[in-house]
>>> print(open('model-v8.pdb').read())   # PDB, C-alpha atoms
MODEL        1
ATOM      1  CA  TYR P1120      94.393 152.198  18.968
ATOM      2  CA  GLY P1121      93.565 155.750  19.946
ATOM      3  CA  LEU P1122      97.179 156.551  20.844
ATOM      4  CA  GLN P1123      99.199 159.529  19.618
ATOM      5  CA  LEU P1124     102.618 158.898  18.108
ATOM      6  CA  SER P1125     105.438 161.368  18.724
ATOM      7  CA  ASP P1126     108.489 161.084  16.461
ATOM      8  CA  LEU P1127     111.266 162.413  18.672
ATOM      9  CA  ASN P1128     114.023 162.815  16.055
ATOM     10  CA  PRO P1129     112.870 162.204  12.462
ATOM     11  CA  ASP P1130     116.308 162.917  10.974
ATOM     12  CA  GLY P1131     118.326 161.242  13.721
ATOM     13  CA  SER P1132     120.987 158.688  12.820
ATOM     14  CA  SER P1133     121.036 155.156  14.193
ATOM     15  CA  GLY P1134     123.754 156.254  16.581
ATOM     16  CA  ASP P1135     121.566 159.137  17.785
ATOM     17  CA  GLU P1136     118.710 156.757  18.547
ATOM     18  CA  ILE P1137     120.854 154.302  20.505
ATOM     19  CA  ALA P1138     122.420 157.221  22.382
ATOM     20  CA  ALA P1139     118.917 158.405  23.317
ATOM     21  CA  ILE P1140     118.196 155.028  24.938
ATOM     22  CA  LYS P1141     121.419 155.193  26.957
ATOM     23  CA  ALA P1142     120.939 158.823  27.970
ATOM     24  CA  ASN P1143     117.347 158.330  29.142
ATOM     25  CA  ALA P1144     117.508 154.980  30.905
ATOM     26  CA  GLY P1145     115.100 155.189  33.826
ATOM     27  CA  ASN P1146     113.609 158.477  32.602
ATOM     28  CA  THR P1147     109.822 158.330  32.245
ATOM     29  CA  GLY P1148     109.580 161.638  30.366
ATOM     30  CA  PRO P1149     108.624 162.081  26.707
ATOM     31  CA  GLN P1150     112.259 162.309  25.581
ATOM     32  CA  ASN P1151     112.818 158.610  26.352
ATOM     33  CA  PRO P1152     112.071 156.647  23.148
ATOM     34  CA  ASP P1153     109.847 153.590  23.380
ATOM     35  CA  VAL P1154     111.004 152.197  20.029
ATOM     36  CA  VAL P1155     113.845 152.745  17.590
ATOM     37  CA  ASP P1156     114.255 152.335  13.826
ATOM     38  CA  VAL P1157     117.969 151.732  13.178
ATOM     39  CA  GLY P1158     120.423 150.145  10.760
ATOM     40  CA  PHE P1159     120.640 146.366  10.987
ATOM     41  CA  ILE P1160     124.157 146.354  12.442
ATOM     42  CA  TRP P1161     122.850 148.025  15.590
ATOM     43  CA  GLY P1162     120.604 145.093  16.501
ATOM     44  CA  ASP P1163     123.184 142.742  17.991
ATOM     45  CA  GLN P1164     125.123 145.636  19.510
ATOM     46  CA  ALA P1165     122.093 147.013  21.320
ATOM     47  CA  LYS P1166     120.949 143.545  22.387
ATOM     48  CA  THR P1167     124.378 142.702  23.816
ATOM     49  CA  ALA P1168     124.418 146.039  25.669
ATOM     50  CA  GLY P1169     121.072 145.217  27.294
ATOM     51  CA  LEU P1170     119.304 148.137  25.613
ATOM     52  CA  LEU P1171     116.414 146.161  24.101
ATOM     53  CA  GLN P1172     113.503 144.048  25.324
ATOM     54  CA  PRO P1173     112.080 141.077  23.397
ATOM     55  CA  TYR P1174     108.710 140.982  21.687
ATOM     56  CA  LYS P1175     107.273 138.979  18.778
ATOM     57  CA  VAL P1176     104.487 140.506  16.696
ATOM     58  CA  ALA P1177     101.516 138.426  15.577
ATOM     59  CA  THR P1178     102.938 138.195  12.044
ATOM     60  CA  TRP P1179     106.365 137.090  13.305
ATOM     61  CA  ASP P1180     106.451 133.888  11.240
ATOM     62  CA  THR P1181     106.148 135.840   7.970
ATOM     63  CA  ILE P1182     109.340 137.812   8.674
ATOM     64  CA  PRO P1183     112.340 136.060   7.025
ATOM     65  CA  ALA P1184     114.506 134.310   9.604
ATOM     66  CA  SER P1185     117.650 136.065   8.339
ATOM     67  CA  LEU P1186     116.086 139.453   9.106
ATOM     68  CA  LYS P1187     115.122 138.944  12.745
ATOM     69  CA  ASP P1188     116.633 137.966  16.066
ATOM     70  CA  ALA P1189     115.495 134.467  17.030
ATOM     71  CA  ASP P1190     114.811 135.639  20.588
ATOM     72  CA  GLY P1191     112.715 138.604  19.454
ATOM     73  CA  PHE P1192     115.017 141.438  20.502
ATOM     74  CA  TYR P1193     114.898 143.072  17.038
ATOM     75  CA  TRP P1194     113.378 142.458  13.621
ATOM     76  CA  GLY P1195     113.808 143.953  10.159
ATOM     77  CA  ASP P1196     111.208 146.436   8.978
ATOM     78  CA  TYR P1197     112.175 147.555   5.444
ATOM     79  CA  TYR P1198     115.063 147.979   3.058
ATOM     80  CA  GLY P1199     116.151 150.408   0.362
ATOM     81  CA  THR P1200     118.717 150.692  -2.438
ATOM     82  CA  MET P1201     121.418 153.365  -2.492
ATOM     83  CA  SER P1202     120.754 156.032  -5.133
ATOM     84  CA  PHE P1203     121.714 159.512  -6.341
ATOM     85  CA  ILE P1204     119.163 162.299  -5.893
ATOM     86  CA  VAL P1205     119.895 165.330  -8.067
ATOM     87  CA  ASN P1206     118.396 168.811  -8.283
ATOM     88  CA  ALA P1207     118.284 169.112 -12.088
ATOM     89  CA  ASP P1208     117.556 172.836 -11.910
ATOM     90  CA  ILE P1209     121.132 173.311 -10.715
ATOM     91  CA  VAL P1210     122.915 170.242 -12.051
ATOM     92  CA  LYS P1211     122.305 170.105 -15.797
ATOM     93  CA  ASN P1212     124.531 167.101 -16.471
ATOM     94  CA  ILE P1213     122.980 164.386 -14.303
ATOM     95  CA  PRO P1214     125.585 161.890 -12.975
ATOM     96  CA  GLN P1215     124.790 158.324 -14.019
ATOM     97  CA  ASP P1216     127.523 156.402 -12.220
ATOM     98  CA  TRP P1217     130.014 156.604  -9.384
ATOM     99  CA  SER P1218     132.880 157.647 -11.654
ATOM    100  CA  ASP P1219     130.851 160.645 -12.841
ATOM    101  CA  LEU P1220     130.902 162.073  -9.323
ATOM    102  CA  LEU P1221     134.622 162.811  -9.705
ATOM    103  CA  LYS P1222     134.034 165.316 -12.525
ATOM    104  CA  PRO P1223     135.222 168.887 -11.725
ATOM    105  CA  GLU P1224     131.778 170.293 -12.554
ATOM    106  CA  TYR P1225     130.439 168.784  -9.319
ATOM    107  CA  LYS P1226     132.841 170.632  -7.024
ATOM    108  CA  GLY P1227     131.205 171.215  -3.640
ATOM    109  CA  LEU P1228     127.860 169.805  -4.808
ATOM    110  CA  ILE P1229     127.848 166.277  -3.340
ATOM    111  CA  ALA P1230     126.580 165.407   0.140
ATOM    112  CA  LEU P1231     125.814 162.338   2.186
ATOM    113  CA  GLY P1232     122.634 161.661   4.124
ATOM    114  CA  GLY P1233     124.346 161.405   7.489
ATOM    115  CA  ASP P1234     127.618 161.015   9.375
ATOM    116  CA  PRO P1235     129.592 158.011   8.020
ATOM    117  CA  THR P1236     130.857 157.213  11.513
ATOM    118  CA  ALA P1237     127.350 156.710  12.925
ATOM    119  CA  ALA P1238     124.610 156.775  10.266
ATOM    120  CA  SER P1239     123.819 153.538   8.411
ATOM    121  CA  GLN P1240     122.621 155.418   5.303
ATOM    122  CA  ALA P1241     125.930 157.267   4.900
ATOM    123  CA  GLU P1242     127.987 154.161   5.654
ATOM    124  CA  HIS P1243     126.123 152.193   2.994
ATOM    125  CA  ALA P1244     126.789 154.954   0.461
ATOM    126  CA  VAL P1245     130.510 154.404   1.009
ATOM    127  CA  TRP P1246     130.045 150.644   0.766
ATOM    128  CA  ALA P1247     128.004 150.960  -2.433
ATOM    129  CA  ALA P1248     130.850 152.951  -3.981
ATOM    130  CA  ALA P1249     133.221 150.148  -3.009
ATOM    131  CA  LEU P1250     131.207 147.615  -5.032
ATOM    132  CA  ALA P1251     131.731 149.697  -8.185
ATOM    133  CA  ASN P1252     135.399 150.435  -7.511
ATOM    134  CA  GLY P1253     137.066 147.086  -6.979
ATOM    135  CA  GLY P1254     135.576 146.242  -3.611
ATOM    136  CA  SER P1255     132.998 143.662  -2.610
ATOM    137  CA  LEU P1256     130.502 142.744   0.065
ATOM    138  CA  ASP P1257     133.541 141.468   1.982
ATOM    139  CA  ASP P1258     135.778 144.476   1.319
ATOM    140  CA  ALA P1259     134.504 148.037   1.812
ATOM    141  CA  THR P1260     137.933 149.708   1.851
ATOM    142  CA  PRO P1261     137.818 150.798  -1.841
ATOM    143  CA  GLY P1262     134.737 152.833  -0.920
ATOM    144  CA  LEU P1263     136.754 154.821   1.592
ATOM    145  CA  ASN P1264     139.444 155.385  -1.021
ATOM    146  CA  PHE P1265     136.847 156.574  -3.545
ATOM    147  CA  PHE P1266     135.395 159.070  -1.086
ATOM    148  CA  ALA P1267     138.890 160.260  -0.232
ATOM    149  CA  LYS P1268     139.250 161.129  -3.938
ATOM    150  CA  LEU P1269     135.901 162.933  -3.871
ATOM    151  CA  ALA P1270     137.011 164.907  -0.839
ATOM    152  CA  THR P1271     140.433 165.727  -2.257
ATOM    153  CA  ALA P1272     138.811 166.951  -5.474
ATOM    154  CA  GLY P1273     136.589 169.241  -3.426
ATOM    155  CA  ASN P1274     133.421 167.610  -4.765
ATOM    156  CA  LEU P1275     132.293 166.207  -1.417
ATOM    157  CA  SER P1276     130.886 168.774   0.980
ATOM    158  CA  GLY P1277     130.616 168.275   4.729
ATOM    159  CA  ALA P1278     126.895 169.060   4.705
ATOM    160  CA  ILE P1279     124.210 166.529   5.657
ATOM    161  CA  ALA P1280     121.580 166.276   2.937
ATOM    162  CA  SER P1281     117.857 166.550   3.614
ATOM    163  CA  SER P1282     114.721 166.949   1.530
ATOM    164  CA  ALA P1283     114.831 170.718   2.070
ATOM    165  CA  SER P1284     118.541 171.089   1.275
ATOM    166  CA  VAL P1285     118.172 169.171  -1.995
ATOM    167  CA  GLY P1286     115.067 171.121  -2.962
ATOM    168  CA  LYS P1287     116.703 174.476  -2.216
ATOM    169  CA  GLY P1288     119.900 173.494  -4.009
ATOM    170  CA  ASP P1289     122.118 173.642  -0.926
ATOM    171  CA  THR P1290     123.061 169.992  -1.539
ATOM    172  CA  PRO P1291     122.100 169.492  -5.190
ATOM    173  CA  ILE P1292     123.568 165.975  -5.373
ATOM    174  CA  ALA P1293     123.000 163.589  -2.474
ATOM    175  CA  LEU P1294     123.647 159.898  -1.928
ATOM    176  CA  VAL P1295     120.683 158.440  -0.038
ATOM    177  CA  TRP P1296     118.364 155.447   0.067
ATOM    178  CA  ASP P1297     115.902 155.354  -2.810
ATOM    179  CA  PHE P1298     112.915 155.507  -0.463
ATOM    180  CA  ASN P1299     114.240 158.817   0.854
ATOM    181  CA  ALA P1300     115.195 160.089  -2.595
ATOM    182  CA  LEU P1301     111.804 159.306  -4.131
ATOM    183  CA  SER P1302     109.906 160.743  -1.174
ATOM    184  CA  TRP P1303     112.042 163.903  -1.296
ATOM    185  CA  ARG P1304     111.374 164.151  -5.027
ATOM    186  CA  ASP P1305     107.640 164.021  -4.386
ATOM    187  CA  ALA P1306     107.879 166.572  -1.569
ATOM    188  CA  ASN P1307     109.738 169.028  -3.837
ATOM    189  CA  GLN P1308     107.764 168.523  -7.034
ATOM    190  CA  LYS P1309     106.261 172.019  -6.917
ATOM    191  CA  ASN P1310     109.518 173.891  -6.447
ATOM    192  CA  ALA P1311     112.298 171.833  -8.058
ATOM    193  CA  ASN P1312     113.025 169.345 -10.823
ATOM    194  CA  ILE P1313     114.373 166.398  -8.873
ATOM    195  CA  GLN P1314     115.851 163.326 -10.577
ATOM    196  CA  VAL P1315     116.607 159.973  -8.932
ATOM    197  CA  VAL P1316     119.317 157.756 -10.442
ATOM    198  CA  TYR P1317     120.519 154.240  -9.641
ATOM    199  CA  PRO P1318     124.271 154.237 -10.409
ATOM    200  CA  ALA P1319     125.001 152.105 -13.466
ATOM    201  CA  GLY P1320     128.037 150.498 -11.858
ATOM    202  CA  GLY P1321     125.921 148.945  -9.134
ATOM    203  CA  SER P1322     124.518 149.661  -5.715
ATOM    204  CA  ILE P1323     123.707 148.065  -2.385
ATOM    205  CA  ALA P1324     120.604 147.287  -0.378
ATOM    206  CA  GLY P1325     120.323 148.165   3.287
ATOM    207  CA  VAL P1326     117.963 146.760   5.897
ATOM    208  CA  TYR P1327     116.650 148.708   8.880
ATOM    209  CA  LEU P1328     115.104 147.208  11.976
ATOM    210  CA  GLN P1329     112.636 147.921  14.725
ATOM    211  CA  ALA P1330     113.224 147.256  18.402
ATOM    212  CA  ILE P1331     111.700 148.176  21.746
ATOM    213  CA  ASN P1332     113.757 150.105  24.281
ATOM    214  CA  ALA P1333     114.581 148.027  27.370
ATOM    215  CA  TYR P1334     113.726 151.128  29.408
ATOM    216  CA  ALA P1335     110.604 152.072  27.453
ATOM    217  CA  PRO P1336     108.297 154.091  29.728
ATOM    218  CA  ARG P1337     105.302 152.992  27.607
ATOM    219  CA  PRO P1338     106.128 149.346  26.699
ATOM    220  CA  ASN P1339     102.557 148.297  25.919
ATOM    221  CA  ALA P1340     102.080 151.255  23.584
ATOM    222  CA  ALA P1341     105.377 150.248  21.938
ATOM    223  CA  ARG P1342     104.029 146.734  21.345
ATOM    224  CA  LEU P1343     100.804 148.070  19.862
ATOM    225  CA  TRP P1344     102.848 150.269  17.537
ATOM    226  CA  GLN P1345     104.810 147.243  16.355
ATOM    227  CA  GLU P1346     101.594 145.287  15.789
ATOM    228  CA  PHE P1347     100.357 148.091  13.560
ATOM    229  CA  LEU P1348     103.634 148.369  11.614
ATOM    230  CA  TYR P1349     103.692 144.630  10.927
ATOM    231  CA  SER P1350     100.059 144.336   9.975
ATOM    232  CA  ASP P1351      99.206 144.325   6.272
ATOM    233  CA  GLU P1352      98.075 147.938   6.608
ATOM    234  CA  GLY P1353     101.321 149.054   8.200
ATOM    235  CA  GLN P1354     103.479 147.166   5.695
ATOM    236  CA  LEU P1355     101.646 148.764   2.777
ATOM    237  CA  LEU P1356     102.332 152.209   4.244
ATOM    238  CA  TRP P1357     106.073 151.535   3.973
ATOM    239  CA  LEU P1358     105.542 150.439   0.401
ATOM    240  CA  LYS P1359     103.673 153.664  -0.360
ATOM    241  CA  GLY P1360     106.776 155.477   0.882
ATOM    242  CA  TYR P1361     108.914 153.503  -1.624
ATOM    243  CA  ALA P1362     110.528 151.281   1.033
ATOM    244  CA  LYS P1363     110.357 147.511   0.529
ATOM    245  CA  PRO P1364     108.673 146.130   3.696
ATOM    246  CA  VAL P1365     110.099 143.039   5.336
ATOM    247  CA  ARG P1366     106.863 141.105   4.741
ATOM    248  CA  PHE P1367     106.800 141.981   1.016
ATOM    249  CA  ASP P1368     107.007 138.365  -0.195
ATOM    250  CA  ASP P1369     104.130 137.341   2.068
ATOM    251  CA  LEU P1370     102.018 140.263   0.863
ATOM    252  CA  MET P1371     102.750 139.389  -2.762
ATOM    253  CA  LYS P1372     101.973 135.721  -2.272
ATOM    254  CA  ARG P1373      98.587 136.543  -0.774
ATOM    255  CA  GLY P1374      97.822 139.130  -3.452
ATOM    256  CA  VAL P1375      97.100 141.994  -1.058
ATOM    257  CA  ILE P1376      99.291 144.664  -2.700
ATOM    258  CA  PRO P1377      97.154 146.993  -4.855
ATOM    259  CA  ALA P1378      98.133 146.904  -8.538
ATOM    260  CA  ASP P1379      98.453 150.688  -8.766
ATOM    261  CA  LEU P1380     100.879 150.684  -5.847
ATOM    262  CA  LEU P1381     103.040 148.000  -7.464
ATOM    263  CA  ALA P1382     103.103 150.018 -10.691
ATOM    264  CA  LYS P1383     104.515 153.088  -8.878
ATOM    265  CA  LEU P1384     107.481 151.262  -7.380
ATOM    266  CA  PRO P1385     110.898 152.064  -8.923
ATOM    267  CA  LYS P1386     112.748 149.421 -10.892
ATOM    268  CA  ALA P1387     116.502 149.339 -10.355
ATOM    269  CA  ASN P1388     118.022 147.804 -13.491
ATOM    270  CA  VAL P1389     121.474 147.674 -11.934
ATOM    271  CA  LYS P1390     123.349 145.073  -9.949
ATOM    272  CA  VAL P1391     122.392 145.377  -6.277
ATOM    273  CA  GLY P1392     124.342 143.685  -3.490
ATOM    274  CA  PHE P1393     122.464 142.163  -0.547
ATOM    275  CA  PRO P1394     124.929 141.705   2.320
ATOM    276  CA  THR P1395     124.619 139.197   5.138
ATOM    277  CA  PRO P1396     124.516 140.361   8.784
ATOM    278  CA  ALA P1397     128.148 139.268   9.208
ATOM    279  CA  GLN P1398     129.204 141.280   6.150
ATOM    280  CA  ILE P1399     127.271 144.314   7.405
ATOM    281  CA  LYS P1400     129.023 144.193  10.761
ATOM    282  CA  LYS P1401     132.464 143.944   9.170
ATOM    283  CA  ALA P1402     131.953 146.572   6.464
ATOM    284  CA  LEU P1403     130.224 149.213   8.573
ATOM    285  CA  THR P1404     132.896 148.855  11.257
ATOM    286  CA  THR P1405     135.575 149.331   8.589
ATOM    287  CA  ILE P1406     133.843 152.443   7.270
ATOM    288  CA  ALA P1407     133.068 154.016  10.651
ATOM    289  CA  THR P1408     136.614 153.552  11.917
ATOM    290  CA  GLY P1409     138.322 154.391   8.619
ATOM    291  CA  TRP P1410     136.423 157.551   7.688
ATOM    292  CA  PRO P1411     138.135 159.880  10.237
ATOM    293  CA  THR P1412     141.620 159.024   8.940
ATOM    294  CA  VAL P1413     141.082 158.124   5.275
ATOM    295  CA  VAL P1414     138.446 160.636   4.168
ATOM    296  CA  ALA P1415     137.835 163.374   6.749
ATOM    297  CA  PRO P1416     141.339 164.944   6.575
ATOM    298  CA  ASN P1417     140.787 165.545   2.840
ATOM    299  CA  LEU P1418     137.509 167.429   3.198
ATOM    300  CA  LYS P1419     137.909 171.045   2.143
TER     301      LYS P1419
ENDMDL
END
>>> encode(input="model-v8.pdb", output="structure tokens")
Amino acid sequence: YGLQLSDLNPDGSSGDEIAAIKANAGNTGPQNPDVVDVGFIWGDQAKTAGLLQPYKVATWDTIPASLKDADGFYWGDYYGTMSFIVNADIVKNIPQDWSDLLKPEYKGLIALGGDPTAASQAEHAVWAAALANGGSLDDATPGLNFFAKLATAGNLSGAIASSASVGKGDTPIALVWDFNALSWRDANQKNANIQVVYPAGGSIAGVYLQAINAYAPRPNAARLWQEFLYSDEGQLLWLKGYAKPVRFDDLMKRGVIPADLLAKLPKANVKVGFPTPAQIKKALTTIATGWPTVVAPNLK
């Protein structure tokens, strides 16, 4: 559309993005975000707080009803599966499951991709661990207990993992969405041997959403951006980045996904949990409130 996109905080957590809306309400400057890309749990919260404005893209009907707000205040954009990304130049014995992460050889090597009290990616890592350690989609507490063990053992560092930190070996083992892990692997292919593993004991899928800021200084540009993202072209861009776009089934049914792109997509041959919105709200609240008392005090 001839418009320039500015990504204000590429590594910001969902909490950071919502905070930016609150902090810049009424501000017409460039620091006020027009749109946000946040974990699914934030949709109802932001809507209830009056932080979003409704809009329905042209392809609205092809977005599954369970992944969008009926009134158009938010809508899912893509989802990923929790995985391990490992710098194999540093870690010779690649962990294959959650229990492996407790081995003494990984002391100080494991990091999360965000703050578990605010970042959906980090919270889902804890929840994924729960599924393999006696928990369920209705009970995330065993995940907190597992991470408390990791922290007590000294294996969990307080660092936040990024593509650069994994590539440099600062955080040689990180628990992040597969679309991040695979993209980071590609970005580091010239300087590091990066391996991506789906934990054998199971994992979890996490949905993110798009929404327009209620105080967006450029609301029409925001709508055009959403139209692009939810066009076939925009959806295929997510797929090229290893994220499963929300309109994937529609694209498949119409045969518009290139065969070579389908062939590149990872295949997770492990059990993957797909939580409902109600389960997401309960579990992520449990993790965000429990982390400071159950896990954080044990971090070395």
>>> residues_near_point(input="model-v8.pdb", point="(106.6, 151.1, 16.7)", cutoff="6 Å", atoms="only C-alpha atoms", output="ChimeraX atom specification")
/P:1154,1341,1344-1345
>>> closest_residue(input="model-v8.pdb", among="P:Leu1403, P:Leu1343, P:Leu1370, P:Ala1267", to="Asn1417 in chain P", atoms="only C-alpha atoms")
P:Ala1267
>>> closest_residue(input="model-v8.pdb", among="P:Ala1387, P:Ala1311, P:Leu1250, P:Leu1381", to="Asp1208 in chain P", atoms="all atoms listed in the file")
P:Ala1311
>>> closest_atom_pairs(input="model-v8.pdb", of="range 1150-1205 of chain P", to="range 1363-1366 of chain P", cutoff="6 Å", atoms="all atoms listed in the file", output="tab-separated table")
residue	atom	partner	partner_atom	distance
P:Ile1182	CA	P:Arg1366	CA	5.7
P:Asp1196	CA	P:Val1365	CA	5.1
P:Tyr1197	CA	P:Pro1364	CA	4.2
P:Tyr1198	CA	P:Lys1363	CA	5.4
>>> closest_residue(input="model-v8.pdb", among="P:Ala1189, P:Gln1123, P:Ile1376, P:Thr1412", to="Gly1353 in chain P", atoms="all atoms listed in the file")
P:Ile1376
>>> residues_around(input="model-v8.pdb", residues="Lys1187 in chain P", least_positions_apart="4", cutoff="12 Å", atoms="all atoms listed in the file", output="ChimeraX atom specification")
/P:1159-1160,1162-1163,1173-1176,1179-1183,1191-1197,1326-1330,1365-1366,1396
>>> residues_around(input="model-v8.pdb", residues="Val1413 in chain P", least_positions_apart="5", cutoff="9 Å", atoms="only C-alpha atoms", output="PyMOL selection string")
chain P and resi 1263-1264+1266-1267
>>> closest_residue(input="model-v8.pdb", among="P:Ala1272, P:Ile1209, P:Ala1237, P:Ile1331", to="Gly1169 in chain P", atoms="only C-alpha atoms")
P:Ile1331
>>> closest_residue(input="model-v8.pdb", among="P:Phe1298, P:Trp1217, P:Tyr1334, P:Tyr1317", to="Ile1140 in chain P", atoms="all atoms listed in the file")
P:Tyr1334
>>> closest_residue(input="model-v8.pdb", among="P:Leu1355, P:Leu1122, P:Val1205, P:Ala1165", to="Ile1313 in chain P", atoms="only C-alpha atoms")
P:Val1205
>>> residues_around(input="model-v8.pdb", residues="Ile1137 in chain P", least_positions_apart="2", cutoff="12 Å", atoms="all atoms listed in the file", output="VMD selection string")
chain P and resid 1128 1131 to 1135 1139 to 1144 1151 to 1158 1160 to 1162 1164 to 1166 1168 to 1171 1237 to 1238 1329 to 1334
>>> decode(input="model-v8.pdb", residues="range 1337-1360 of chain P", atoms="N, CA and C atoms", output="PDB file, in the first residue's frame")
ATOM      1  N   ARG P1337      -2.824   5.894  13.844  1.00  0.00           N
ATOM      2  CA  ARG P1337      -2.943   5.639  12.403  1.00  0.00           C
ATOM      3  C   ARG P1337      -3.882   4.448  12.181  1.00  0.00           C
ATOM      4  N   PRO P1338      -5.162   4.548  12.581  1.00  0.00           N
ATOM      5  CA  PRO P1338      -6.068   3.398  12.541  1.00  0.00           C
ATOM      6  C   PRO P1338      -6.296   2.826  11.140  1.00  0.00           C
ATOM      7  N   ASN P1339      -6.335   3.679  10.133  1.00  0.00           N
ATOM      8  CA  ASN P1339      -6.569   3.159   8.778  1.00  0.00           C
ATOM      9  C   ASN P1339      -5.353   2.392   8.262  1.00  0.00           C
ATOM     10  N   ALA P1340      -4.162   2.863   8.609  1.00  0.00           N
ATOM     11  CA  ALA P1340      -2.952   2.126   8.249  1.00  0.00           C
ATOM     12  C   ALA P1340      -2.942   0.780   8.973  1.00  0.00           C
ATOM     13  N   ALA P1341      -3.416   0.765  10.224  1.00  0.00           N
ATOM     14  CA  ALA P1341      -3.490  -0.476  10.995  1.00  0.00           C
ATOM     15  C   ALA P1341      -4.409  -1.474  10.299  1.00  0.00           C
ATOM     16  N   ARG P1342      -5.531  -0.992   9.785  1.00  0.00           N
ATOM     17  CA  ARG P1342      -6.481  -1.882   9.100  1.00  0.00           C
ATOM     18  C   ARG P1342      -5.883  -2.427   7.806  1.00  0.00           C
ATOM     19  N   LEU P1343      -5.170  -1.583   7.082  1.00  0.00           N
ATOM     20  CA  LEU P1343      -4.526  -2.045   5.854  1.00  0.00           C
ATOM     21  C   LEU P1343      -3.476  -3.109   6.166  1.00  0.00           C
ATOM     22  N   TRP P1344      -2.765  -2.914   7.262  1.00  0.00           N
ATOM     23  CA  TRP P1344      -1.762  -3.905   7.675  1.00  0.00           C
ATOM     24  C   TRP P1344      -2.427  -5.250   7.964  1.00  0.00           C
ATOM     25  N   GLN P1345      -3.556  -5.215   8.650  1.00  0.00           N
ATOM     26  CA  GLN P1345      -4.274  -6.452   8.945  1.00  0.00           C
ATOM     27  C   GLN P1345      -4.782  -7.118   7.666  1.00  0.00           C
ATOM     28  N   GLU P1346      -5.256  -6.311   6.716  1.00  0.00           N
ATOM     29  CA  GLU P1346      -5.717  -6.880   5.449  1.00  0.00           C
ATOM     30  C   GLU P1346      -4.581  -7.605   4.740  1.00  0.00           C
ATOM     31  N   PHE P1347      -3.381  -7.038   4.803  1.00  0.00           N
ATOM     32  CA  PHE P1347      -2.239  -7.692   4.182  1.00  0.00           C
ATOM     33  C   PHE P1347      -1.898  -8.996   4.908  1.00  0.00           C
ATOM     34  N   LEU P1348      -1.835  -8.947   6.245  1.00  0.00           N
ATOM     35  CA  LEU P1348      -1.470 -10.134   7.019  1.00  0.00           C
ATOM     36  C   LEU P1348      -2.433 -11.287   6.789  1.00  0.00           C
ATOM     37  N   TYR P1349      -3.705 -10.979   6.580  1.00  0.00           N
ATOM     38  CA  TYR P1349      -4.717 -12.027   6.442  1.00  0.00           C
ATOM     39  C   TYR P1349      -5.082 -12.331   5.004  1.00  0.00           C
ATOM     40  N   SER P1350      -4.340 -11.757   4.086  1.00  0.00           N
ATOM     41  CA  SER P1350      -4.449 -12.156   2.687  1.00  0.00           C
ATOM     42  C   SER P1350      -3.686 -13.461   2.513  1.00  0.00           C
ATOM     43  N   ASP P1351      -3.863 -14.123   1.388  1.00  0.00           N
ATOM     44  CA  ASP P1351      -3.094 -15.346   1.129  1.00  0.00           C
ATOM     45  C   ASP P1351      -1.601 -15.051   1.177  1.00  0.00           C
ATOM     46  N   GLU P1352      -1.198 -13.934   0.601  1.00  0.00           N
ATOM     47  CA  GLU P1352       0.220 -13.568   0.578  1.00  0.00           C
ATOM     48  C   GLU P1352       0.780 -13.417   1.976  1.00  0.00           C
ATOM     49  N   GLY P1353       0.058 -12.704   2.824  1.00  0.00           N
ATOM     50  CA  GLY P1353       0.514 -12.489   4.192  1.00  0.00           C
ATOM     51  C   GLY P1353       0.566 -13.776   4.999  1.00  0.00           C
ATOM     52  N   GLN P1354      -0.443 -14.643   4.827  1.00  0.00           N
ATOM     53  CA  GLN P1354      -0.477 -15.908   5.544  1.00  0.00           C
ATOM     54  C   GLN P1354       0.692 -16.815   5.151  1.00  0.00           C
ATOM     55  N   LEU P1355       1.035 -16.793   3.865  1.00  0.00           N
ATOM     56  CA  LEU P1355       2.155 -17.616   3.402  1.00  0.00           C
ATOM     57  C   LEU P1355       3.491 -17.110   3.936  1.00  0.00           C
ATOM     58  N   LEU P1356       3.575 -15.810   4.223  1.00  0.00           N
ATOM     59  CA  LEU P1356       4.808 -15.280   4.816  1.00  0.00           C
ATOM     60  C   LEU P1356       5.020 -15.855   6.209  1.00  0.00           C
ATOM     61  N   TRP P1357       3.941 -15.986   6.990  1.00  0.00           N
ATOM     62  CA  TRP P1357       4.066 -16.618   8.307  1.00  0.00           C
ATOM     63  C   TRP P1357       4.543 -18.054   8.156  1.00  0.00           C
ATOM     64  N   LEU P1358       3.976 -18.737   7.165  1.00  0.00           N
ATOM     65  CA  LEU P1358       4.345 -20.126   6.942  1.00  0.00           C
ATOM     66  C   LEU P1358       5.816 -20.254   6.549  1.00  0.00           C
ATOM     67  N   LYS P1359       6.311 -19.301   5.780  1.00  0.00           N
ATOM     68  CA  LYS P1359       7.729 -19.309   5.407  1.00  0.00           C
ATOM     69  C   LYS P1359       8.617 -19.120   6.630  1.00  0.00           C
ATOM     70  N   GLY P1360       8.075 -18.474   7.656  1.00  0.00           N
ATOM     71  CA  GLY P1360       8.805 -18.284   8.907  1.00  0.00           C
ATOM     72  C   GLY P1360       8.539 -19.395   9.906  1.00  0.00           C
TER      73      GLY P1360
END
